[in-house]
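Dropping upload.txt in here (compact mmCIF, N, CA and C atoms):
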# COMPACT_ATOMS: atom_id res chain seq x y z
N MET A 4 -111.76 -15.12 14.44
CA MET A 4 -111.19 -14.30 13.39
C MET A 4 -111.77 -14.69 12.03
N ALA A 5 -113.07 -14.81 11.92
CA ALA A 5 -113.68 -15.22 10.67
C ALA A 5 -113.68 -14.09 9.65
N ASP A 6 -113.75 -12.86 10.09
CA ASP A 6 -113.81 -11.73 9.19
C ASP A 6 -112.44 -11.08 9.06
N ARG A 7 -112.28 -10.34 7.98
CA ARG A 7 -111.03 -9.60 7.77
C ARG A 7 -110.89 -8.53 8.85
N GLN A 8 -109.70 -8.47 9.40
CA GLN A 8 -109.42 -7.47 10.41
C GLN A 8 -108.26 -6.60 9.95
N GLN A 9 -108.18 -5.41 10.51
CA GLN A 9 -107.12 -4.47 10.12
C GLN A 9 -106.63 -3.73 11.35
N ARG A 10 -105.35 -3.43 11.35
CA ARG A 10 -104.79 -2.65 12.45
C ARG A 10 -103.63 -1.79 11.93
N ILE A 11 -103.57 -0.57 12.44
CA ILE A 11 -102.44 0.33 12.18
C ILE A 11 -101.37 -0.02 13.21
N LEU A 12 -100.13 -0.13 12.75
CA LEU A 12 -99.01 -0.53 13.60
C LEU A 12 -97.95 0.57 13.55
N PRO A 13 -97.99 1.52 14.50
CA PRO A 13 -97.07 2.65 14.46
C PRO A 13 -95.59 2.28 14.63
N THR A 14 -95.30 1.18 15.31
CA THR A 14 -93.91 0.83 15.59
C THR A 14 -93.65 -0.65 15.30
N VAL A 15 -92.38 -1.00 15.22
CA VAL A 15 -92.02 -2.41 15.08
C VAL A 15 -92.53 -3.21 16.28
N ALA A 16 -92.46 -2.61 17.46
CA ALA A 16 -92.96 -3.29 18.67
C ALA A 16 -94.45 -3.60 18.54
N ASP A 17 -95.21 -2.71 17.90
CA ASP A 17 -96.63 -2.96 17.68
C ASP A 17 -96.84 -4.13 16.71
N THR A 18 -95.97 -4.22 15.71
CA THR A 18 -96.04 -5.32 14.75
C THR A 18 -95.75 -6.64 15.45
N GLU A 19 -94.73 -6.66 16.30
CA GLU A 19 -94.42 -7.87 17.06
C GLU A 19 -95.55 -8.23 18.02
N ALA A 20 -96.17 -7.23 18.63
CA ALA A 20 -97.28 -7.48 19.54
C ALA A 20 -98.46 -8.12 18.80
N LEU A 21 -98.73 -7.66 17.59
CA LEU A 21 -99.80 -8.28 16.80
C LEU A 21 -99.44 -9.74 16.52
N GLY A 22 -98.19 -10.01 16.23
CA GLY A 22 -97.76 -11.39 16.02
C GLY A 22 -98.03 -12.27 17.23
N ARG A 23 -97.75 -11.74 18.42
CA ARG A 23 -98.02 -12.50 19.65
C ARG A 23 -99.52 -12.77 19.79
N GLU A 24 -100.34 -11.78 19.46
CA GLU A 24 -101.79 -11.97 19.53
C GLU A 24 -102.26 -13.03 18.54
N LEU A 25 -101.76 -12.97 17.32
CA LEU A 25 -102.15 -13.95 16.31
C LEU A 25 -101.73 -15.35 16.73
N ALA A 26 -100.56 -15.46 17.37
CA ALA A 26 -100.05 -16.77 17.80
C ALA A 26 -101.00 -17.45 18.77
N ALA A 27 -101.75 -16.67 19.53
CA ALA A 27 -102.67 -17.24 20.51
C ALA A 27 -103.74 -18.11 19.82
N GLY A 28 -104.02 -17.85 18.55
CA GLY A 28 -105.01 -18.63 17.82
C GLY A 28 -104.41 -19.65 16.88
N LEU A 29 -103.09 -19.88 16.99
CA LEU A 29 -102.40 -20.81 16.08
C LEU A 29 -101.97 -22.07 16.81
N GLY A 30 -101.86 -23.15 16.06
CA GLY A 30 -101.36 -24.40 16.61
C GLY A 30 -100.73 -25.23 15.51
N ALA A 31 -100.18 -26.36 15.90
CA ALA A 31 -99.56 -27.25 14.92
C ALA A 31 -100.56 -27.53 13.80
N GLY A 32 -100.09 -27.45 12.59
CA GLY A 32 -100.94 -27.66 11.43
C GLY A 32 -101.40 -26.39 10.76
N ASP A 33 -101.14 -25.23 11.37
CA ASP A 33 -101.59 -23.97 10.79
C ASP A 33 -100.53 -23.38 9.86
N LEU A 34 -101.01 -22.80 8.78
CA LEU A 34 -100.19 -22.12 7.79
C LEU A 34 -100.52 -20.64 7.82
N VAL A 35 -99.48 -19.81 7.91
CA VAL A 35 -99.63 -18.36 7.88
C VAL A 35 -98.90 -17.86 6.64
N VAL A 36 -99.62 -17.16 5.77
CA VAL A 36 -99.04 -16.63 4.54
C VAL A 36 -98.92 -15.12 4.67
N LEU A 37 -97.68 -14.63 4.63
CA LEU A 37 -97.43 -13.20 4.77
C LEU A 37 -97.12 -12.59 3.42
N ASP A 38 -97.74 -11.44 3.16
CA ASP A 38 -97.53 -10.76 1.90
C ASP A 38 -97.32 -9.28 2.19
N GLY A 39 -96.53 -8.65 1.37
CA GLY A 39 -96.27 -7.22 1.51
C GLY A 39 -94.91 -6.90 0.95
N PRO A 40 -94.65 -5.62 0.67
CA PRO A 40 -93.38 -5.22 0.08
C PRO A 40 -92.22 -5.32 1.07
N LEU A 41 -91.02 -5.16 0.55
CA LEU A 41 -89.83 -5.11 1.41
C LEU A 41 -90.03 -4.06 2.49
N GLY A 42 -89.65 -4.39 3.71
CA GLY A 42 -89.73 -3.44 4.82
C GLY A 42 -91.12 -3.28 5.41
N ALA A 43 -92.06 -4.11 5.00
CA ALA A 43 -93.43 -3.97 5.50
C ALA A 43 -93.62 -4.57 6.88
N GLY A 44 -92.67 -5.40 7.33
CA GLY A 44 -92.78 -5.95 8.68
C GLY A 44 -93.04 -7.44 8.76
N LYS A 45 -92.82 -8.16 7.68
CA LYS A 45 -93.09 -9.60 7.67
C LYS A 45 -92.25 -10.34 8.71
N THR A 46 -90.97 -10.04 8.76
CA THR A 46 -90.10 -10.72 9.73
C THR A 46 -90.41 -10.26 11.15
N ALA A 47 -90.72 -9.00 11.34
CA ALA A 47 -91.10 -8.51 12.68
C ALA A 47 -92.37 -9.21 13.16
N LEU A 48 -93.33 -9.38 12.28
CA LEU A 48 -94.56 -10.09 12.65
C LEU A 48 -94.24 -11.54 13.01
N THR A 49 -93.34 -12.15 12.24
CA THR A 49 -92.95 -13.53 12.52
C THR A 49 -92.24 -13.64 13.87
N ARG A 50 -91.41 -12.65 14.22
CA ARG A 50 -90.78 -12.65 15.55
C ARG A 50 -91.83 -12.64 16.64
N GLY A 51 -92.89 -11.86 16.45
CA GLY A 51 -93.97 -11.83 17.42
C GLY A 51 -94.71 -13.15 17.50
N ILE A 52 -94.97 -13.76 16.34
CA ILE A 52 -95.63 -15.08 16.33
C ILE A 52 -94.76 -16.08 17.07
N ALA A 53 -93.46 -16.06 16.80
CA ALA A 53 -92.54 -16.99 17.46
C ALA A 53 -92.56 -16.80 18.98
N ALA A 54 -92.55 -15.55 19.41
CA ALA A 54 -92.59 -15.27 20.86
C ALA A 54 -93.90 -15.78 21.45
N GLY A 55 -95.00 -15.57 20.74
CA GLY A 55 -96.29 -16.03 21.22
C GLY A 55 -96.40 -17.55 21.27
N LEU A 56 -95.72 -18.21 20.34
CA LEU A 56 -95.72 -19.67 20.34
C LEU A 56 -94.76 -20.25 21.36
N GLY A 57 -93.81 -19.44 21.81
CA GLY A 57 -92.84 -19.90 22.79
C GLY A 57 -91.70 -20.71 22.19
N VAL A 58 -91.32 -20.39 20.96
CA VAL A 58 -90.24 -21.16 20.33
C VAL A 58 -88.87 -20.70 20.82
N GLN A 59 -87.87 -21.55 20.57
CA GLN A 59 -86.50 -21.26 20.98
C GLN A 59 -85.76 -20.57 19.84
N GLY A 60 -84.76 -19.80 20.19
CA GLY A 60 -83.87 -19.21 19.20
C GLY A 60 -84.34 -17.88 18.67
N ARG A 61 -83.38 -17.16 18.12
CA ARG A 61 -83.62 -15.84 17.54
C ARG A 61 -84.27 -16.01 16.16
N VAL A 62 -85.26 -15.20 15.88
CA VAL A 62 -85.94 -15.25 14.59
C VAL A 62 -85.42 -14.12 13.72
N SER A 63 -84.88 -14.50 12.57
CA SER A 63 -84.42 -13.52 11.59
C SER A 63 -84.89 -13.99 10.21
N SER A 64 -84.74 -13.13 9.24
CA SER A 64 -85.21 -13.47 7.91
C SER A 64 -84.45 -14.66 7.35
N PRO A 65 -85.18 -15.65 6.82
CA PRO A 65 -84.51 -16.82 6.24
C PRO A 65 -84.20 -16.65 4.75
N THR A 66 -84.02 -15.41 4.29
CA THR A 66 -83.88 -15.13 2.87
C THR A 66 -82.85 -16.02 2.18
N PHE A 67 -81.68 -16.17 2.76
CA PHE A 67 -80.61 -16.87 2.06
C PHE A 67 -80.63 -18.38 2.28
N ILE A 68 -81.27 -18.83 3.35
CA ILE A 68 -81.35 -20.28 3.56
C ILE A 68 -82.75 -20.81 3.24
N ILE A 69 -83.65 -19.94 2.92
CA ILE A 69 -85.03 -20.20 2.52
C ILE A 69 -85.93 -20.65 3.67
N ALA A 70 -85.48 -21.55 4.54
CA ALA A 70 -86.34 -21.99 5.64
C ALA A 70 -85.53 -22.22 6.90
N ARG A 71 -86.10 -21.78 8.03
CA ARG A 71 -85.50 -22.02 9.34
C ARG A 71 -86.52 -22.75 10.20
N GLN A 72 -86.02 -23.69 10.97
CA GLN A 72 -86.89 -24.38 11.91
C GLN A 72 -86.52 -23.94 13.32
N HIS A 73 -87.55 -23.61 14.10
CA HIS A 73 -87.37 -23.19 15.49
C HIS A 73 -88.09 -24.21 16.37
N ARG A 74 -87.34 -24.81 17.26
CA ARG A 74 -87.91 -25.83 18.16
C ARG A 74 -88.86 -25.20 19.17
N ALA A 75 -89.80 -26.02 19.61
CA ALA A 75 -90.74 -25.58 20.65
C ALA A 75 -89.96 -25.29 21.92
N GLY A 76 -90.39 -24.29 22.64
CA GLY A 76 -89.77 -23.95 23.91
C GLY A 76 -90.22 -24.88 25.02
N GLU A 77 -89.83 -24.55 26.22
CA GLU A 77 -90.09 -25.39 27.39
C GLU A 77 -91.49 -25.23 27.97
N ARG A 78 -92.16 -24.15 27.67
CA ARG A 78 -93.46 -23.92 28.31
C ARG A 78 -94.53 -24.84 27.75
N ASP A 79 -95.54 -25.09 28.56
CA ASP A 79 -96.65 -25.95 28.15
C ASP A 79 -97.33 -25.36 26.92
N GLY A 80 -97.65 -26.22 25.99
CA GLY A 80 -98.38 -25.79 24.80
C GLY A 80 -97.53 -25.21 23.70
N ALA A 81 -96.22 -25.09 23.91
CA ALA A 81 -95.35 -24.54 22.87
C ALA A 81 -95.29 -25.48 21.68
N VAL A 82 -95.32 -24.92 20.48
CA VAL A 82 -95.20 -25.72 19.26
C VAL A 82 -94.05 -25.17 18.42
N PRO A 83 -93.44 -26.01 17.60
CA PRO A 83 -92.35 -25.55 16.74
C PRO A 83 -92.87 -24.57 15.68
N LEU A 84 -91.93 -23.83 15.12
CA LEU A 84 -92.23 -22.88 14.05
C LEU A 84 -91.28 -23.15 12.89
N VAL A 85 -91.82 -23.21 11.69
CA VAL A 85 -91.02 -23.25 10.48
C VAL A 85 -91.25 -21.90 9.78
N HIS A 86 -90.16 -21.18 9.56
CA HIS A 86 -90.20 -19.83 8.99
C HIS A 86 -89.56 -19.90 7.60
N VAL A 87 -90.35 -19.61 6.58
CA VAL A 87 -89.92 -19.76 5.19
C VAL A 87 -89.96 -18.41 4.49
N ASP A 88 -88.97 -18.17 3.65
CA ASP A 88 -88.97 -17.00 2.78
C ASP A 88 -89.07 -17.53 1.35
N ALA A 89 -90.23 -17.39 0.73
CA ALA A 89 -90.47 -17.94 -0.60
C ALA A 89 -90.05 -16.98 -1.71
N TYR A 90 -89.51 -15.83 -1.36
CA TYR A 90 -89.15 -14.83 -2.38
C TYR A 90 -88.21 -15.40 -3.44
N ARG A 91 -87.16 -16.07 -2.99
CA ARG A 91 -86.16 -16.59 -3.93
C ARG A 91 -86.65 -17.83 -4.68
N LEU A 92 -87.74 -18.42 -4.23
CA LEU A 92 -88.27 -19.57 -4.95
C LEU A 92 -88.90 -19.15 -6.28
N GLY A 93 -89.37 -17.90 -6.33
CA GLY A 93 -89.93 -17.39 -7.57
C GLY A 93 -91.05 -18.25 -8.13
N GLY A 94 -91.81 -18.89 -7.27
CA GLY A 94 -92.91 -19.73 -7.72
C GLY A 94 -92.48 -21.10 -8.20
N ASP A 95 -91.21 -21.47 -7.99
CA ASP A 95 -90.71 -22.78 -8.40
C ASP A 95 -91.27 -23.86 -7.47
N LEU A 96 -92.26 -24.59 -7.94
CA LEU A 96 -92.93 -25.58 -7.10
C LEU A 96 -92.02 -26.77 -6.78
N ASP A 97 -91.05 -27.08 -7.64
CA ASP A 97 -90.11 -28.17 -7.34
C ASP A 97 -89.27 -27.83 -6.11
N GLU A 98 -88.78 -26.59 -6.04
CA GLU A 98 -88.00 -26.17 -4.88
C GLU A 98 -88.88 -26.15 -3.63
N LEU A 99 -90.12 -25.71 -3.79
CA LEU A 99 -91.04 -25.70 -2.67
C LEU A 99 -91.29 -27.12 -2.18
N ASP A 100 -91.51 -28.04 -3.08
CA ASP A 100 -91.72 -29.44 -2.68
C ASP A 100 -90.52 -30.00 -1.96
N ALA A 101 -89.32 -29.58 -2.34
CA ALA A 101 -88.10 -30.08 -1.70
C ALA A 101 -88.02 -29.66 -0.24
N LEU A 102 -88.73 -28.62 0.14
CA LEU A 102 -88.73 -28.16 1.54
C LEU A 102 -89.59 -29.05 2.44
N ASP A 103 -90.43 -29.90 1.87
CA ASP A 103 -91.31 -30.80 2.62
C ASP A 103 -92.19 -30.04 3.62
N LEU A 104 -92.71 -28.91 3.22
CA LEU A 104 -93.55 -28.13 4.13
C LEU A 104 -94.81 -28.87 4.51
N ASP A 105 -95.32 -29.70 3.61
CA ASP A 105 -96.53 -30.44 3.94
C ASP A 105 -96.29 -31.38 5.11
N THR A 106 -95.08 -31.90 5.25
CA THR A 106 -94.73 -32.75 6.40
C THR A 106 -94.66 -31.90 7.66
N ASP A 107 -94.00 -30.73 7.57
CA ASP A 107 -93.87 -29.84 8.72
C ASP A 107 -95.21 -29.35 9.23
N LEU A 108 -96.17 -29.20 8.32
CA LEU A 108 -97.47 -28.66 8.70
C LEU A 108 -98.18 -29.50 9.75
N ASP A 109 -97.92 -30.77 9.78
CA ASP A 109 -98.58 -31.61 10.78
C ASP A 109 -98.06 -31.36 12.19
N GLN A 110 -96.83 -30.88 12.30
CA GLN A 110 -96.18 -30.80 13.60
C GLN A 110 -95.83 -29.39 14.05
N ALA A 111 -96.01 -28.40 13.19
CA ALA A 111 -95.55 -27.05 13.49
C ALA A 111 -96.50 -26.01 12.91
N VAL A 112 -96.30 -24.78 13.33
CA VAL A 112 -96.90 -23.64 12.65
C VAL A 112 -95.90 -23.27 11.56
N VAL A 113 -96.38 -23.11 10.34
CA VAL A 113 -95.52 -22.73 9.23
C VAL A 113 -95.89 -21.32 8.79
N VAL A 114 -94.90 -20.41 8.85
CA VAL A 114 -95.08 -19.02 8.42
C VAL A 114 -94.26 -18.83 7.16
N VAL A 115 -94.91 -18.37 6.09
CA VAL A 115 -94.23 -18.20 4.81
C VAL A 115 -94.30 -16.75 4.38
N GLU A 116 -93.14 -16.09 4.35
CA GLU A 116 -93.05 -14.75 3.80
C GLU A 116 -93.05 -14.86 2.28
N TRP A 117 -93.68 -13.91 1.61
CA TRP A 117 -93.76 -13.90 0.16
C TRP A 117 -94.46 -15.17 -0.35
N GLY A 118 -95.37 -15.70 0.43
CA GLY A 118 -95.99 -16.97 0.07
C GLY A 118 -97.26 -16.88 -0.74
N ARG A 119 -97.80 -15.71 -0.91
CA ARG A 119 -99.08 -15.57 -1.61
C ARG A 119 -98.97 -16.11 -3.04
N GLY A 120 -99.92 -16.96 -3.39
CA GLY A 120 -99.94 -17.55 -4.71
C GLY A 120 -98.98 -18.73 -4.87
N VAL A 121 -98.29 -19.11 -3.78
CA VAL A 121 -97.27 -20.15 -3.87
C VAL A 121 -97.59 -21.34 -2.96
N VAL A 122 -98.05 -21.08 -1.74
CA VAL A 122 -98.17 -22.16 -0.76
C VAL A 122 -99.59 -22.45 -0.29
N GLU A 123 -100.55 -21.70 -0.72
CA GLU A 123 -101.91 -21.87 -0.21
C GLU A 123 -102.45 -23.28 -0.42
N HIS A 124 -101.98 -23.96 -1.45
CA HIS A 124 -102.48 -25.30 -1.76
C HIS A 124 -102.07 -26.35 -0.73
N LEU A 125 -101.17 -26.00 0.17
CA LEU A 125 -100.67 -26.96 1.16
C LEU A 125 -101.71 -27.31 2.22
N THR A 126 -102.69 -26.44 2.43
CA THR A 126 -103.71 -26.69 3.45
C THR A 126 -105.08 -26.28 2.92
N ASP A 127 -106.10 -26.74 3.62
CA ASP A 127 -107.46 -26.35 3.26
C ASP A 127 -107.80 -24.96 3.78
N ARG A 128 -107.04 -24.51 4.77
CA ARG A 128 -107.32 -23.23 5.43
C ARG A 128 -106.01 -22.61 5.84
N HIS A 129 -105.87 -21.30 5.65
CA HIS A 129 -104.65 -20.61 6.09
C HIS A 129 -104.98 -19.20 6.54
N LEU A 130 -104.08 -18.64 7.33
CA LEU A 130 -104.20 -17.25 7.77
C LEU A 130 -103.39 -16.40 6.80
N ARG A 131 -104.07 -15.51 6.11
CA ARG A 131 -103.40 -14.61 5.17
C ARG A 131 -103.26 -13.24 5.84
N VAL A 132 -102.02 -12.74 5.84
CA VAL A 132 -101.74 -11.43 6.43
C VAL A 132 -101.08 -10.56 5.37
N LEU A 133 -101.69 -9.43 5.08
CA LEU A 133 -101.14 -8.46 4.15
C LEU A 133 -100.61 -7.28 4.96
N LEU A 134 -99.33 -7.01 4.79
CA LEU A 134 -98.70 -5.89 5.49
C LEU A 134 -98.32 -4.82 4.48
N SER A 135 -98.51 -3.58 4.86
CA SER A 135 -98.08 -2.46 4.01
C SER A 135 -97.41 -1.42 4.91
N ARG A 136 -96.64 -0.58 4.28
CA ARG A 136 -95.88 0.45 5.02
C ARG A 136 -96.04 1.77 4.31
N GLU A 137 -96.31 2.81 5.11
CA GLU A 137 -96.44 4.14 4.53
C GLU A 137 -95.07 4.62 4.07
N PRO A 138 -95.01 5.30 2.93
CA PRO A 138 -93.72 5.80 2.43
C PRO A 138 -93.04 6.71 3.45
N ASP A 139 -91.73 6.55 3.58
CA ASP A 139 -90.92 7.39 4.48
C ASP A 139 -91.44 7.39 5.91
N SER A 140 -91.92 6.24 6.37
CA SER A 140 -92.49 6.15 7.71
C SER A 140 -92.29 4.74 8.24
N ASP A 141 -92.33 4.61 9.55
CA ASP A 141 -92.30 3.29 10.17
C ASP A 141 -93.71 2.75 10.40
N VAL A 142 -94.72 3.54 10.10
CA VAL A 142 -96.11 3.13 10.33
C VAL A 142 -96.50 2.07 9.29
N ARG A 143 -96.99 0.96 9.82
CA ARG A 143 -97.42 -0.16 8.98
C ARG A 143 -98.91 -0.41 9.20
N THR A 144 -99.50 -1.09 8.24
CA THR A 144 -100.89 -1.52 8.35
C THR A 144 -100.92 -3.02 8.10
N ALA A 145 -101.67 -3.72 8.92
CA ALA A 145 -101.84 -5.16 8.74
C ALA A 145 -103.31 -5.45 8.52
N GLU A 146 -103.59 -6.30 7.53
CA GLU A 146 -104.93 -6.83 7.30
C GLU A 146 -104.79 -8.34 7.33
N TRP A 147 -105.68 -9.02 8.05
CA TRP A 147 -105.57 -10.48 8.12
C TRP A 147 -106.95 -11.12 8.15
N GLU A 148 -106.97 -12.36 7.65
CA GLU A 148 -108.19 -13.15 7.64
C GLU A 148 -107.84 -14.61 7.41
N TRP A 149 -108.70 -15.48 7.91
CA TRP A 149 -108.58 -16.91 7.63
C TRP A 149 -109.25 -17.16 6.29
N VAL A 150 -108.57 -17.89 5.44
CA VAL A 150 -109.07 -18.18 4.09
C VAL A 150 -109.26 -19.69 3.95
N ASP A 151 -110.46 -20.07 3.53
CA ASP A 151 -110.75 -21.50 3.31
C ASP A 151 -110.54 -21.85 1.85

Show me, as structure tokens, the structure contained in the file I just sent.
Amino acid sequence: MADRQQRILPTVADTEALGRELAAGLGAGDLVVLDGPLGAGKTALTRGIAAGLGVQGRVSSPTFIIARQHRAGERDGAVPLVHVDAYRLGGDLDELDALDLDTDLDQAVVVVEWGRGVVEHLTDRHLRVLLSREPDSDVRTAEWEWVD
């Protein structure tokens, strides 16, 4: 996945399926930065990533608690997932530091919604995913690339 890729996602199920595909290339230490407006599918994509990683528990938006940790499942190769919603952080680096994401990065895949411009400094390389949604439609578009 060295080049930017794009896909039209007609349904939420398609968004989750893309997440499962992306998870196949992720492992402990990877950072995924999700960007896009409300309703673009960031949490649906994260549900797919979680399913692909084989984590335990239901994945929902961590808006009010800011970060959720999902333990690795029972299957071989499963890794934990840390799911963060940086929207309420508003770029506050002190609050971000309090989450200790740099510690989690060694042991888990970290997915950050609304993370663009906030968390990229945590790693030398991250997967950036931009999601958009057509007005008055469930059709979404995803663009993704690894950024060094």

>> Please report the interatomic distance between atom C of Gln72 of chain A and atom CA of Ala145 of chain A in Å with one decimal.
In response: 24.7 Å

> Contacts of Ala53 of chain A at 8 Å or less, counting only N, CA and C atoms, minus same-chain residues fewer than 3 places along, as a list in words?
Replying inline: Gly22, Arg23, Ala26, Ala47, Leu48, Thr49, Arg50, Leu56, Gly57, Val58, Gln59, Val62, Pro83 and Leu84 of chain A

At a cut-off of 6.5 Å, using all atoms listed in the file, what residues contact Pro13 of chain A? Leave out same-chain residues fewer than 4 positions from it and give the result as a short mmCIF file (atom, residue, chain, number, x, y, z; two decimals) with N, CA and C atoms, in the frame of the given file.
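Produced file selection.cif, reproduced below:
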data_model
loop_
_atom_site.label_atom_id
_atom_site.label_comp_id
_atom_site.auth_asym_id
_atom_site.auth_seq_id
_atom_site.Cartn_x
_atom_site.Cartn_y
_atom_site.Cartn_z
N ASP A 17 -95.21 -2.71 17.90
CA ASP A 17 -96.63 -2.96 17.68
C ASP A 17 -96.84 -4.13 16.71
N THR A 18 -95.97 -4.22 15.71
CA THR A 18 -96.04 -5.32 14.75
C THR A 18 -95.75 -6.64 15.45
N ASP A 141 -92.33 4.61 9.55
CA ASP A 141 -92.30 3.29 10.17
C ASP A 141 -93.71 2.75 10.40
N VAL A 142 -94.72 3.54 10.10
CA VAL A 142 -96.11 3.13 10.33
C VAL A 142 -96.50 2.07 9.29
N ARG A 143 -96.99 0.96 9.82
CA ARG A 143 -97.42 -0.16 8.98
C ARG A 143 -98.91 -0.41 9.20
#

>> Measuring between all atoms listed in the file, which one of A:Val112, A:Val150, A:Ala54, A:Val15 shows the shortest distance to Arg128 of chain A?
In response: A:Val150

> Could you state the separation of atom C of Gln9 of chain A and atom C of Leu133 of chain A in Å, given to one decimal place?
Replying inline: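 Separation of atom C of Gln9 of chain A and atom C of Leu133 of chain A: 9.5 Å.
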
> Quick one: distance from atom N of Pro40 of chain A to atom CA of Asp109 of chain A in Å, one decimal?
Replying inline: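 Straight-line distance from atom N of Pro40 of chain A to atom CA of Asp109 of chain A works out to 28.2 Å.
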
>> Which residues are close to segment 29-34 of chain A, i.e. within 6.5 Å by all atoms listed in the file, leaving aside same-chain residues fewer than 3 positions away? Reply as a list in words.
In response: Leu25, Ala26, Val82, Asp107, Leu108, Asp109, Gln110, Ala111, Val112, Val113, Val114, Val115, Arg128, His129, Leu130 and Arg131 of chain A

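Closest approach to Glu123 of chain A among A:Ala43, A:Ala75, A:Val85, A:Val35 is made by A:Val35 (distances from only C-alpha atoms).
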
> Using only C-alpha atoms, what residues lie at most 8 Å away from (-98.1, -8.9, -1.8) (file coordinates), given as a PyMOL selection string?
Replying inline: chain A and resi 37-40+117+119+133-134
